>>> print(open('work.cif').read())   # mmCIF, C-alpha atoms
data_protein
#
loop_
_atom_site.group_PDB
_atom_site.id
_atom_site.type_symbol
_atom_site.label_atom_id
_atom_site.label_comp_id
_atom_site.auth_asym_id
_atom_site.auth_seq_id
_atom_site.Cartn_x
_atom_site.Cartn_y
_atom_site.Cartn_z
ATOM 1 C CA MET A 1 16.360 2.665 -23.080
ATOM 2 C CA ASP A 2 15.447 0.975 -26.336
ATOM 3 C CA ILE A 3 15.566 3.528 -29.145
ATOM 4 C CA GLY A 4 13.520 1.343 -31.511
ATOM 5 C CA ASP A 5 10.541 1.147 -29.152
ATOM 6 C CA ASP A 6 10.679 4.874 -28.469
ATOM 7 C CA ASP A 7 10.585 5.600 -32.183
ATOM 8 C CA LEU A 8 7.656 3.233 -32.677
ATOM 9 C CA GLN A 9 5.635 4.920 -29.945
ATOM 10 C CA LEU A 10 6.340 8.379 -31.354
ATOM 11 C CA LYS A 11 5.571 7.211 -34.884
ATOM 12 C CA GLN A 12 2.166 5.879 -33.844
ATOM 13 C CA LEU A 13 1.489 9.003 -31.813
ATOM 14 C CA ARG A 14 2.244 11.228 -34.811
ATOM 15 C CA GLN A 15 -0.002 9.089 -37.006
ATOM 16 C CA VAL A 16 -3.094 9.555 -34.826
ATOM 17 C CA GLN A 17 -2.333 13.095 -33.623
ATOM 18 C CA PRO A 18 -4.369 14.793 -36.420
ATOM 19 C CA LEU A 19 -7.416 12.687 -35.470
ATOM 20 C CA ALA A 20 -7.280 13.991 -31.906
ATOM 21 C CA GLY A 21 -7.774 17.525 -33.211
ATOM 22 C CA LEU A 22 -5.478 19.082 -30.600
ATOM 23 C CA THR A 23 -2.921 21.826 -31.101
ATOM 24 C CA VAL A 24 0.449 21.289 -29.430
ATOM 25 C CA GLY A 25 -0.595 23.785 -26.762
ATOM 26 C CA GLU A 26 -3.847 21.974 -26.059
ATOM 27 C CA LEU A 27 -2.057 18.629 -25.949
ATOM 28 C CA TRP A 28 0.507 20.041 -23.520
ATOM 29 C CA LEU A 29 -2.252 21.446 -21.284
ATOM 30 C CA LYS A 30 -3.814 17.969 -21.049
ATOM 31 C CA TYR A 31 -0.402 16.462 -20.378
ATOM 32 C CA PHE A 32 0.228 19.050 -17.635
ATOM 33 C CA ALA A 33 -3.184 18.322 -16.071
ATOM 34 C CA ILE A 34 -2.419 14.609 -15.696
ATOM 35 C CA GLY A 35 0.950 15.254 -14.056
ATOM 36 C CA GLY A 36 3.427 15.829 -16.886
ATOM 37 C CA SER A 37 6.632 17.636 -15.904
ATOM 38 C CA ALA A 38 8.079 18.706 -19.258
ATOM 39 C CA GLY A 39 7.459 22.173 -20.687
ATOM 40 C CA GLN A 40 5.467 22.903 -23.797
ATOM 41 C CA PHE A 41 8.670 23.575 -25.708
ATOM 42 C CA GLU A 42 10.054 20.136 -24.848
ATOM 43 C CA ILE A 43 6.814 18.443 -25.891
ATOM 44 C CA GLU A 44 6.848 20.234 -29.202
ATOM 45 C CA ALA A 45 10.462 19.211 -29.748
ATOM 46 C CA TYR A 46 9.613 15.628 -28.777
ATOM 47 C CA LEU A 47 6.815 15.505 -31.363
ATOM 48 C CA TYR A 48 9.359 16.552 -33.999
ATOM 49 C CA ALA A 49 11.734 13.838 -32.762
ATOM 50 C CA ALA A 50 14.181 16.584 -31.777
ATOM 51 C CA HIS A 51 14.089 15.908 -28.034
ATOM 52 C CA ALA A 52 14.111 12.719 -25.977
ATOM 53 C CA LEU A 53 11.763 12.307 -23.017
ATOM 54 C CA PRO A 54 11.987 9.816 -20.116
ATOM 55 C CA THR A 55 9.736 6.744 -20.383
ATOM 56 C CA LEU A 56 7.059 7.990 -17.991
ATOM 57 C CA GLU A 57 6.812 11.401 -19.663
ATOM 58 C CA ARG A 58 6.453 9.742 -23.077
ATOM 59 C CA ASP A 59 3.702 7.513 -21.700
ATOM 60 C CA LEU A 60 1.974 10.582 -20.261
ATOM 61 C CA VAL A 61 1.998 12.279 -23.678
ATOM 62 C CA ALA A 62 0.520 9.082 -25.134
ATOM 63 C CA HIS A 63 -2.056 8.993 -22.354
ATOM 64 C CA SER A 64 -3.058 12.638 -22.962
ATOM 65 C CA ILE A 65 -3.971 11.724 -26.522
ATOM 66 C CA ASN A 66 -5.647 8.508 -25.359
ATOM 67 C CA GLU A 67 -7.801 10.411 -22.842
ATOM 68 C CA ARG A 68 -8.833 12.656 -25.736
ATOM 69 C CA PHE A 69 -9.860 9.557 -27.705
ATOM 70 C CA ILE A 70 -11.878 8.379 -24.682
ATOM 71 C CA ASP A 71 -13.632 11.802 -24.710
ATOM 72 C CA LEU A 72 -14.343 11.466 -28.428
ATOM 73 C CA GLY A 73 -15.608 7.907 -28.021
ATOM 74 C CA MET A 74 -12.921 6.629 -30.389
ATOM 75 C CA ASP A 75 -11.227 3.262 -29.969
ATOM 76 C CA LEU A 76 -7.820 4.510 -31.118
ATOM 77 C CA ARG A 77 -5.007 4.188 -28.551
ATOM 78 C CA VAL A 78 -1.356 5.132 -28.694
ATOM 79 C CA PRO A 79 0.639 2.252 -27.166
ATOM 80 C CA TYR A 80 2.527 2.653 -23.874
ATOM 81 C CA SER A 81 6.166 1.657 -23.382
ATOM 82 C CA ALA A 82 5.118 -1.528 -21.584
ATOM 83 C CA ASP A 83 2.847 -2.503 -24.527
ATOM 84 C CA LEU A 84 5.728 -2.197 -26.969
ATOM 85 C CA ASP A 85 8.161 -4.129 -24.804
ATOM 86 C CA PRO A 86 6.239 -5.930 -22.038
ATOM 87 C CA GLY A 87 9.383 -7.511 -20.593
ATOM 88 C CA LYS A 88 11.108 -4.180 -20.028
ATOM 89 C CA GLU A 89 11.476 -2.852 -16.501
ATOM 90 C CA GLU A 90 10.176 0.658 -15.885
ATOM 91 C CA SER A 91 13.086 3.071 -15.897
ATOM 92 C CA MET B 1 -0.087 29.680 -28.033
ATOM 93 C CA GLY B 2 2.421 31.679 -26.096
ATOM 94 C CA LYS B 3 5.166 33.763 -27.547
ATOM 95 C CA GLN B 4 8.438 33.455 -25.652
ATOM 96 C CA GLY B 5 8.821 37.240 -25.494
ATOM 97 C CA ASN B 6 5.748 37.672 -23.290
ATOM 98 C CA ASP B 7 7.083 35.471 -20.517
ATOM 99 C CA SER B 8 8.788 37.913 -18.193
ATOM 100 C CA ARG B 9 6.321 40.720 -18.780
ATOM 101 C CA ASN B 10 3.353 38.662 -17.726
ATOM 102 C CA GLN B 11 4.989 36.780 -14.891
ATOM 103 C CA GLU B 12 4.078 39.201 -12.123
ATOM 104 C CA GLN B 13 0.490 39.695 -13.282
ATOM 105 C CA LEU B 14 -0.046 35.980 -13.602
ATOM 106 C CA GLN B 15 1.306 35.332 -10.131
ATOM 107 C CA ASP B 16 -1.101 37.923 -8.765
ATOM 108 C CA LEU B 17 -3.938 36.339 -10.661
ATOM 109 C CA LEU B 18 -3.125 32.914 -9.332
ATOM 110 C CA LEU B 19 -2.494 33.940 -5.747
ATOM 111 C CA ASP B 20 -5.609 36.093 -5.643
ATOM 112 C CA SER B 21 -7.720 33.281 -7.019
ATOM 113 C CA GLU B 22 -9.758 32.071 -4.079
ATOM 114 C CA GLY B 23 -10.520 28.734 -5.678
ATOM 115 C CA PHE B 24 -6.911 27.841 -6.226
ATOM 116 C CA SER B 25 -5.651 28.429 -2.695
ATOM 117 C CA ASP B 26 -8.722 26.855 -1.121
ATOM 118 C CA PHE B 27 -8.158 23.830 -3.257
ATOM 119 C CA MET B 28 -4.518 23.542 -2.200
ATOM 120 C CA LEU B 29 -5.607 23.746 1.403
ATOM 121 C CA GLU B 30 -8.248 21.089 0.869
ATOM 122 C CA LEU B 31 -5.536 18.733 -0.337
ATOM 123 C CA VAL B 32 -3.464 19.461 2.742
ATOM 124 C CA LEU B 33 -6.391 18.864 5.050
ATOM 125 C CA MET B 34 -7.207 15.605 3.320
ATOM 126 C CA ALA B 35 -3.661 14.440 3.932
ATOM 127 C CA ALA B 36 -3.712 15.533 7.555
ATOM 128 C CA ALA B 37 -7.020 13.755 8.151
ATOM 129 C CA GLY B 38 -6.285 10.648 6.139
ATOM 130 C CA LEU B 39 -2.665 10.017 6.950
ATOM 131 C CA GLY B 40 -2.155 11.540 10.347
ATOM 132 C CA THR B 41 -3.681 10.464 13.606
ATOM 133 C CA GLY B 42 -7.128 11.624 12.543
ATOM 134 C CA ARG B 43 -7.202 14.278 15.258
ATOM 135 C CA PRO B 44 -8.026 17.811 14.139
ATOM 136 C CA VAL B 45 -5.317 20.191 13.021
ATOM 137 C CA LEU B 46 -5.516 23.766 11.833
ATOM 138 C CA CYS B 47 -3.706 24.527 8.599
ATOM 139 C CA SER B 48 -2.748 27.540 6.577
ATOM 140 C CA ILE B 49 -0.510 28.513 3.709
ATOM 141 C CA THR B 50 1.571 31.671 3.884
ATOM 142 C CA VAL B 51 3.013 33.242 0.765
ATOM 143 C CA GLU B 52 5.563 36.038 1.011
ATOM 144 C CA ARG B 53 6.307 38.298 -1.901
ATOM 145 C CA ALA B 54 8.586 41.325 -1.710
ATOM 146 C CA GLY B 55 8.952 40.856 2.060
ATOM 147 C CA PHE B 56 5.220 41.027 2.662
ATOM 148 C CA PRO B 57 3.635 37.828 4.037
ATOM 149 C CA VAL B 58 -0.007 36.957 3.356
ATOM 150 C CA THR B 59 -2.090 33.972 4.451
ATOM 151 C CA VAL B 60 -3.520 32.735 1.166
ATOM 152 C CA ALA B 61 -5.563 29.905 2.624
ATOM 153 C CA SER B 62 -6.620 28.902 6.121
ATOM 154 C CA SER B 63 -8.781 26.073 7.387
ATOM 155 C CA GLU B 64 -10.482 28.242 10.013
ATOM 156 C CA LEU B 65 -10.647 31.915 10.763
ATOM 157 C CA ALA B 66 -8.734 31.227 13.996
ATOM 158 C CA VAL B 67 -5.684 30.175 11.989
ATOM 159 C CA MET B 68 -5.584 33.488 10.230
ATOM 160 C CA ALA B 69 -5.128 35.127 13.638
ATOM 161 C CA LEU B 70 -2.339 32.691 14.590
ATOM 162 C CA ASP B 71 -0.486 33.589 11.393
ATOM 163 C CA GLU B 72 -1.120 37.281 11.658
ATOM 164 C CA ARG B 73 0.327 37.407 15.181
ATOM 165 C CA GLN B 74 3.592 36.383 13.529
ATOM 166 C CA TYR B 75 3.322 38.965 10.763
ATOM 167 C CA ALA B 76 2.707 41.666 13.346
ATOM 168 C CA PHE B 77 5.988 40.796 15.110
ATOM 169 C CA ASN B 78 7.694 39.958 11.833
ATOM 170 C CA ASP B 79 8.794 36.699 13.479
ATOM 171 C CA GLY B 80 7.414 33.242 14.257
ATOM 172 C CA PRO B 81 7.638 29.588 13.180
ATOM 173 C CA CYS B 82 5.974 29.958 9.770
ATOM 174 C CA LEU B 83 7.985 33.052 8.852
ATOM 175 C CA THR B 84 11.152 31.241 9.948
ATOM 176 C CA ALA B 85 10.274 28.204 7.831
ATOM 177 C CA LEU B 86 9.565 30.425 4.876
ATOM 178 C CA ARG B 87 12.540 32.773 5.181
ATOM 179 C CA GLN B 88 15.205 30.294 6.313
ATOM 180 C CA ASP B 89 13.890 27.509 4.088
ATOM 181 C CA ARG B 90 13.797 24.953 6.899
ATOM 182 C CA MET B 91 11.146 22.931 8.659
ATOM 183 C CA VAL B 92 10.204 24.281 12.092
ATOM 184 C CA PHE B 93 8.668 21.715 14.438
ATOM 185 C CA ILE B 94 7.603 22.740 17.931
ATOM 186 C CA PRO B 95 6.201 19.626 19.689
ATOM 187 C CA ASP B 96 5.367 21.510 22.897
ATOM 188 C CA LEU B 97 5.010 25.229 22.433
ATOM 189 C CA HIS B 98 4.882 26.027 26.137
ATOM 190 C CA ALA B 99 8.133 24.174 26.863
ATOM 191 C CA SER B 100 9.902 25.936 24.026
ATOM 192 C CA ARG B 101 12.410 28.582 25.025
ATOM 193 C CA GLU B 102 12.986 29.761 21.460
ATOM 194 C CA TRP B 103 9.314 30.486 20.871
ATOM 195 C CA GLY B 104 8.324 31.569 24.378
ATOM 196 C CA HIS B 105 7.295 35.031 23.278
ATOM 197 C CA TYR B 106 5.045 33.741 20.519
ATOM 198 C CA ALA B 107 3.644 31.083 22.895
ATOM 199 C CA ARG B 108 2.459 33.795 25.277
ATOM 200 C CA GLU B 109 0.962 35.770 22.404
ATOM 201 C CA ILE B 110 -1.223 32.891 21.258
ATOM 202 C CA ALA B 111 -1.778 31.247 24.672
ATOM 203 C CA SER B 112 -5.548 31.749 24.494
ATOM 204 C CA SER B 113 -5.759 29.678 21.289
ATOM 205 C CA GLY B 114 -4.845 26.493 23.199
ATOM 206 C CA VAL B 115 -2.370 25.464 20.500
ATOM 207 C CA HIS B 116 0.102 22.835 21.746
ATOM 208 C CA SER B 117 2.201 21.908 18.699
ATOM 209 C CA ILE B 118 3.208 23.726 15.536
ATOM 210 C CA LEU B 119 4.689 22.403 12.321
ATOM 211 C CA ALA B 120 5.780 24.821 9.587
ATOM 212 C CA VAL B 121 7.203 23.426 6.344
ATOM 213 C CA PRO B 122 8.750 25.613 3.639
ATOM 214 C CA VAL B 123 7.255 25.336 0.170
ATOM 215 C CA GLU B 124 9.563 26.186 -2.705
ATOM 216 C CA ALA B 125 7.505 28.357 -5.037
ATOM 217 C CA GLY B 126 10.261 29.764 -7.259
ATOM 218 C CA ASN B 127 10.493 33.160 -8.944
ATOM 219 C CA GLY B 128 11.111 35.178 -5.805
ATOM 220 C CA THR B 129 8.004 33.832 -4.134
ATOM 221 C CA ARG B 130 8.403 32.067 -0.798
ATOM 222 C CA ALA B 131 5.746 29.993 0.851
ATOM 223 C CA ALA B 132 5.156 27.862 3.936
ATOM 224 C CA LEU B 133 2.576 25.349 4.989
ATOM 225 C CA ASN B 134 1.626 25.775 8.649
ATOM 226 C CA CYS B 135 -0.122 23.283 10.911
ATOM 227 C CA TYR B 136 -1.316 23.940 14.457
ATOM 228 C CA ALA B 137 -2.587 21.205 16.804
ATOM 229 C CA ARG B 138 -4.251 21.553 20.189
ATOM 230 C CA ASP B 139 -3.877 17.899 21.300
ATOM 231 C CA PRO B 140 -0.408 16.705 22.346
ATOM 232 C CA GLY B 141 0.737 13.724 20.304
ATOM 233 C CA THR B 142 -1.178 14.687 17.158
ATOM 234 C CA MET B 143 2.008 15.455 15.279
ATOM 235 C CA ASP B 144 3.752 12.095 15.180
ATOM 236 C CA GLU B 145 6.345 11.011 12.614
ATOM 237 C CA ARG B 146 3.704 9.805 10.217
ATOM 238 C CA PHE B 147 1.907 13.116 10.350
ATOM 239 C CA ILE B 148 5.109 15.063 9.711
ATOM 240 C CA ALA B 149 5.968 12.829 6.748
ATOM 241 C CA ALA B 150 2.469 13.346 5.305
ATOM 242 C CA VAL B 151 2.657 17.108 5.637
ATOM 243 C CA GLU B 152 6.137 17.189 4.100
ATOM 244 C CA ALA B 153 4.971 15.080 1.167
ATOM 245 C CA PHE B 154 2.071 17.423 0.586
ATOM 246 C CA ALA B 155 4.285 20.481 0.863
ATOM 247 C CA GLY B 156 6.339 18.890 -1.915
ATOM 248 C CA SER B 157 3.253 18.469 -4.053
ATOM 249 C CA ILE B 158 2.107 22.013 -3.508
ATOM 250 C CA SER B 159 5.592 23.209 -4.341
ATOM 251 C CA ARG B 160 5.495 21.346 -7.589
ATOM 252 C CA ILE B 161 2.164 22.708 -8.672
ATOM 253 C CA LEU B 162 3.066 26.230 -7.555
ATOM 254 C CA ARG B 163 6.365 26.195 -9.379
ATOM 255 C CA LEU B 164 4.887 24.675 -12.496
ATOM 256 C CA ALA B 165 2.057 27.152 -12.490
ATOM 257 C CA LEU B 166 4.124 30.207 -11.623
ATOM 258 C CA GLY B 167 7.188 29.223 -13.584
ATOM 259 C CA PHE B 168 7.839 29.148 -17.262
ATOM 260 C CA HIS B 169 4.777 27.102 -18.060
ATOM 261 C CA LEU B 170 2.116 29.602 -17.135
ATOM 262 C CA PRO B 171 3.097 32.496 -19.415
ATOM 263 C CA ALA B 172 2.983 30.150 -22.385
ATOM 264 C CA ILE B 173 -0.732 29.716 -21.912
ATOM 265 C CA ALA B 174 -1.636 33.211 -20.753
ATOM 266 C CA GLY B 175 -5.244 33.953 -21.415
ATOM 267 C CA ALA B 176 -6.280 30.305 -21.383
ATOM 268 C CA ASP B 177 -8.703 29.172 -18.709
ATOM 269 C CA LEU B 178 -6.362 27.465 -16.279
ATOM 270 C CA GLY B 179 -8.959 26.466 -13.745
ATOM 271 C CA PRO B 180 -9.813 22.886 -14.725
ATOM 272 C CA GLU B 181 -6.237 21.948 -15.632
ATOM 273 C CA LEU B 182 -4.756 23.253 -12.389
ATOM 274 C CA ARG B 183 -7.478 21.551 -10.415
ATOM 275 C CA ALA B 184 -6.888 18.273 -12.249
ATOM 276 C CA ARG B 185 -3.153 18.613 -11.717
ATOM 277 C CA GLY B 186 -3.682 19.270 -8.018
ATOM 278 C CA LEU B 187 -5.624 16.029 -7.678
ATOM 279 C CA VAL B 188 -2.863 14.070 -9.412
ATOM 280 C CA ASP B 189 -0.159 15.635 -7.210
ATOM 281 C CA GLY B 190 -2.259 14.989 -4.120
ATOM 282 C CA ALA B 191 -2.732 11.327 -5.031
ATOM 283 C CA VAL B 192 0.995 10.953 -5.720
ATOM 284 C CA ALA B 193 1.777 12.354 -2.258
ATOM 285 C CA VAL B 194 -0.670 9.907 -0.649
ATOM 286 C CA ILE B 195 0.985 6.966 -2.453
ATOM 287 C CA MET B 196 4.444 8.247 -1.435
ATOM 288 C CA VAL B 197 3.484 8.230 2.229
ATOM 289 C CA GLN B 198 1.541 4.966 2.132
ATOM 290 C CA ASP B 199 4.185 3.013 0.219
ATOM 291 C CA LYS B 200 7.202 4.959 1.544
ATOM 292 C CA CYS B 201 8.470 5.413 -2.003
ATOM 293 C CA SER B 202 9.890 8.208 -4.142
ATOM 294 C CA ARG B 203 7.752 10.612 -6.116
ATOM 295 C CA ALA B 204 8.845 8.967 -9.362
ATOM 296 C CA ASP B 205 7.846 5.495 -8.120
ATOM 297 C CA ALA B 206 4.521 6.754 -6.794
ATOM 298 C CA PHE B 207 3.745 8.522 -10.042
ATOM 299 C CA ALA B 208 4.768 5.506 -12.136
ATOM 300 C CA GLN B 209 2.397 3.395 -10.026
ATOM 301 C CA LEU B 210 -0.484 5.838 -10.529
ATOM 302 C CA GLY B 211 0.220 6.021 -14.265
ATOM 303 C CA GLN B 212 0.565 2.273 -14.794
ATOM 304 C CA THR B 213 -2.810 1.604 -13.174
ATOM 305 C CA ALA B 214 -4.443 4.147 -15.475
ATOM 306 C CA PHE B 215 -2.553 2.985 -18.578
ATOM 307 C CA THR B 216 -3.344 -0.688 -18.174
ATOM 308 C CA SER B 217 -7.020 -0.170 -17.310
ATOM 309 C CA ASN B 218 -7.799 2.418 -20.006
ATOM 310 C CA MET B 219 -8.711 4.875 -17.285
ATOM 311 C CA ARG B 220 -8.274 8.617 -16.883
ATOM 312 C CA ILE B 221 -5.395 9.475 -14.553
ATOM 313 C CA GLY B 222 -7.648 12.022 -12.821
ATOM 314 C CA ASP B 223 -10.231 9.318 -12.034
ATOM 315 C CA ARG B 224 -7.525 7.067 -10.637
ATOM 316 C CA ALA B 225 -6.232 9.988 -8.519
ATOM 317 C CA ILE B 226 -9.722 10.491 -7.067
ATOM 318 C CA GLN B 227 -9.858 6.784 -6.139
ATOM 319 C CA VAL B 228 -6.555 7.135 -4.296
ATOM 320 C CA LEU B 229 -7.692 10.276 -2.478
ATOM 321 C CA GLN B 230 -11.120 8.962 -1.501
ATOM 322 C CA PRO B 231 -10.177 7.281 1.799
ATOM 323 C CA ALA B 232 -8.546 10.543 2.934
ATOM 324 C CA ARG B 233 -11.589 12.555 1.860
ATOM 325 C CA ARG B 234 -13.899 10.230 3.763
ATOM 326 C CA ALA B 235 -11.746 10.554 6.873
ATOM 327 C CA ARG B 236 -12.214 14.296 6.731
ATOM 328 C CA GLY B 237 -15.956 13.945 6.258
ATOM 329 C CA ILE B 238 -15.957 15.499 2.774
ATOM 330 C CA GLU B 239 -17.714 12.441 1.376
#
>>> encode(input="work.cif", output="structure tokens")
Amino acid sequence: MDIGDDDLQLKQLRQVQPLAGLTVGELWLKYFAIGGSAGQFEIEAYLYAAHALPTLERDLVAHSINERFIDLGMDLRVPYSADLDPGKEES
Amino acid sequence: MGKQGNDSRNQEQLQDLLLDSEGFSDFMLELVLMAAAGLGTGRPVLCSITVERAGFPVTVASSELAVMALDERQYAFNDGPCLTALRQDRMVFIPDLHASREWGHYAREIASSGVHSILAVPVEAGNGTRAALNCYARDPGTMDERFIAAVEAFAGSISRILRLALGFHLPAIAGADLGPELRARGLVDGAVAVIMVQDKCSRADAFAQLGQTAFTSNMRIGDRAIQVLQPARRARGIE
């Protein structure tokens, strides 16, 4: 796992999070609905950079926000792990 | 948002709420039937889901009224393949009910139903709740290896959604309208199970595949899940 890429994804996610207008609970509910396995507590800790999540779970958090942007008709997108490091194999 | 202190207090009530919710159990069953129709031999099977709490089994969903009777015969005797699957946490497969010595008594009880094969798969529901997915087929040969694998994969999916919903997640969002999220989650889990069976891969691989398609095409995961499930739905005549 590349720590730098993880940080970059989280940084961008935190930057656009206020624009999505979702509480942590609402974000977690969306993440749960699309298949996320981590609990709300873990997601909250992840957003504060206090907890590490596996690649797929991080991408699902990013996708929850991105689906919200699709709903809002906004072009903003949080990058996925593969966007940040296209050569990296899925772990 | 949920306060941690409410978790245990609400657990029981929330389980009741969820298990009593007609929409939820019917939806789980629909997923199972889609798998049976789309991934099995295409011949009809009868399905039901039994949930046992505090030693008291209840059929929470059944594909036909007749299945309810097949289950309830077992409850009346406090024994049978689905109760064994549920209580001993093991798959019970009876390819030919009438040739089975172990289940001879039950076979006589349900002889008029014309059921030939039975498959009962335990579903881990957590928190003192035990569940089983039961399938009954009248035609010999319906339950081949592929069918069994499909049913097991779906039992895994149901387990996941049941545990997630009944476990520590649900109390945190007590009072919220869970309907759409659980339904969406069920679709995703169903699609993952279909990919697992089709590609003979792990849950993680199947889910990564589903996610990657959605991520790279700027698509909702739920919409992608529906695409995956569509062939199975068509096979069942839903669409």
>>> closest_atom_pairs(input="work.cif", of="chain B", to="chain A", cutoff="7 Å", atoms="only C-alpha atoms", output="Markdown table")
| residue | atom | partner | partner_atom | distance |
| --- | --- | --- | --- | --- |
| B:Met1 | CA | A:Gly25 | CA | 6.1 |
| B:His169 | CA | A:Gly39 | CA | 6.2 |
| B:Glu181 | CA | A:Ala33 | CA | 4.8 |
| B:Leu182 | CA | A:Ala33 | CA | 6.4 |
| B:Ala184 | CA | A:Ala33 | CA | 5.3 |
| B:Arg185 | CA | A:Ala33 | CA | 4.4 |
| B:Val188 | CA | A:Gly35 | CA | 6.1 |
| B:Asp189 | CA | A:Gly35 | CA | 6.9 |
| B:Ala208 | CA | A:Leu56 | CA | 6.8 |
| B:Arg220 | CA | A:Glu67 | CA | 6.2 |
| B:Ile221 | CA | A:Ile34 | CA | 6.0 |
| B:Gly222 | CA | A:Ile34 | CA | 6.5 |
>>> atom_distance(input="work.cif", atom1="CA of Arg101 (chain B)", atom2="CA of Pro140 (chain B)")
17.7 Å
>>> closest_residue(input="work.cif", among="B:Thr129, B:Ala137, B:Asp79, B:Ala69", to="Ile110 (chain B)", atoms="all atoms listed in the file")
B:Ala69
>>> atom_distance(input="work.cif", atom1="CA of Met91 (chain B)", atom2="CA of Val228 (chain B)")
27.0 Å
>>> resolve_selection(input="work.cif", expression="the PyMOL selection byres ((chain A and resi 5-21) around 8)", output="ChimeraX atom specification")
/A:2-4,22-23,47,49,62,65,68-69,76,78-81,84-85
>>> write_last_selection(input="work.cif", atoms="C-alpha atoms", output="PDB file, in the frame of the given file")
ATOM      1  CA  ASP A   2      15.447   0.975 -26.336  1.00  0.00           C
ATOM      2  CA  ILE A   3      15.566   3.528 -29.145  1.00  0.00           C
ATOM      3  CA  GLY A   4      13.520   1.343 -31.511  1.00  0.00           C
ATOM      4  CA  LEU A  22      -5.478  19.082 -30.600  1.00  0.00           C
ATOM      5  CA  THR A  23      -2.921  21.826 -31.101  1.00  0.00           C
ATOM      6  CA  LEU A  47       6.815  15.505 -31.363  1.00  0.00           C
ATOM      7  CA  ALA A  49      11.734  13.838 -32.762  1.00  0.00           C
ATOM      8  CA  ALA A  62       0.520   9.082 -25.134  1.00  0.00           C
ATOM      9  CA  ILE A  65      -3.971  11.724 -26.522  1.00  0.00           C
ATOM     10  CA  ARG A  68      -8.833  12.656 -25.736  1.00  0.00           C
ATOM     11  CA  PHE A  69      -9.860   9.557 -27.705  1.00  0.00           C
ATOM     12  CA  LEU A  76      -7.820   4.510 -31.118  1.00  0.00           C
ATOM     13  CA  VAL A  78      -1.356   5.132 -28.694  1.00  0.00           C
ATOM     14  CA  PRO A  79       0.639   2.252 -27.166  1.00  0.00           C
ATOM     15  CA  TYR A  80       2.527   2.653 -23.874  1.00  0.00           C
ATOM     16  CA  SER A  81       6.166   1.657 -23.382  1.00  0.00           C
ATOM     17  CA  LEU A  84       5.728  -2.197 -26.969  1.00  0.00           C
ATOM     18  CA  ASP A  85       8.161  -4.129 -24.804  1.00  0.00           C
TER      19      ASP A  85
END
>>> atom_distance(input="work.cif", atom1="CA of Asp71 (chain A)", atom2="CA of Arg203 (chain B)")
28.4 Å
>>> axis_aligned_box(input="work.cif", around="region 34-38 of chain A", padding_each_side="8 Å", output="JSON")
{"center_x": 2.8, "center_y": 16.7, "center_z": -16.7, "size_x": 26.5, "size_y": 20.1, "size_z": 21.2}
>>> decode(input="work.cif", residues="region 48-77 of chain A", atoms="C-alpha atoms", output="mmCIF file, in the first residue's frame")
data_model
loop_
_atom_site.group_PDB
_atom_site.id
_atom_site.type_symbol
_atom_site.label_atom_id
_atom_site.label_comp_id
_atom_site.auth_asym_id
_atom_site.auth_seq_id
_atom_site.Cartn_x
_atom_site.Cartn_y
_atom_site.Cartn_z
ATOM 1 C CA TYR A 48 -9.964 12.231 10.592
ATOM 2 C CA ALA A 49 -6.985 10.239 9.292
ATOM 3 C CA ALA A 50 -7.078 8.210 12.514
ATOM 4 C CA HIS A 51 -7.920 4.876 10.889
ATOM 5 C CA ALA A 52 -6.675 3.134 7.755
ATOM 6 C CA LEU A 53 -9.113 1.434 5.386
ATOM 7 C CA PRO A 54 -8.391 -1.189 2.689
ATOM 8 C CA THR A 55 -8.184 0.120 -0.892
ATOM 9 C CA LEU A 56 -11.663 -0.999 -1.936
ATOM 10 C CA GLU A 57 -13.327 0.478 1.154
ATOM 11 C CA ARG A 58 -11.552 3.801 0.566
ATOM 12 C CA ASP A 59 -12.729 3.785 -3.046
ATOM 13 C CA LEU A 60 -16.271 3.061 -1.860
ATOM 14 C CA VAL A 61 -16.181 6.085 0.465
ATOM 15 C CA ALA A 62 -14.952 8.159 -2.487
ATOM 16 C CA HIS A 63 -17.693 6.703 -4.665
ATOM 17 C CA SER A 64 -20.391 7.515 -2.072
ATOM 18 C CA ILE A 65 -19.422 11.168 -2.305
ATOM 19 C CA ASN A 66 -19.149 10.944 -6.098
ATOM 20 C CA GLU A 67 -22.662 9.467 -6.373
ATOM 21 C CA ARG A 68 -23.846 12.429 -4.298
ATOM 22 C CA PHE A 69 -22.177 14.778 -6.794
ATOM 23 C CA ILE A 70 -23.938 12.918 -9.629
ATOM 24 C CA ASP A 71 -27.248 13.523 -7.768
ATOM 25 C CA LEU A 72 -26.419 17.212 -7.384
ATOM 26 C CA GLY A 73 -25.401 17.520 -11.032
ATOM 27 C CA MET A 74 -21.904 18.613 -10.015
ATOM 28 C CA ASP A 75 -18.794 17.673 -11.971
ATOM 29 C CA LEU A 76 -16.623 17.251 -8.873
ATOM 30 C CA ARG A 77 -15.137 13.766 -8.377
#
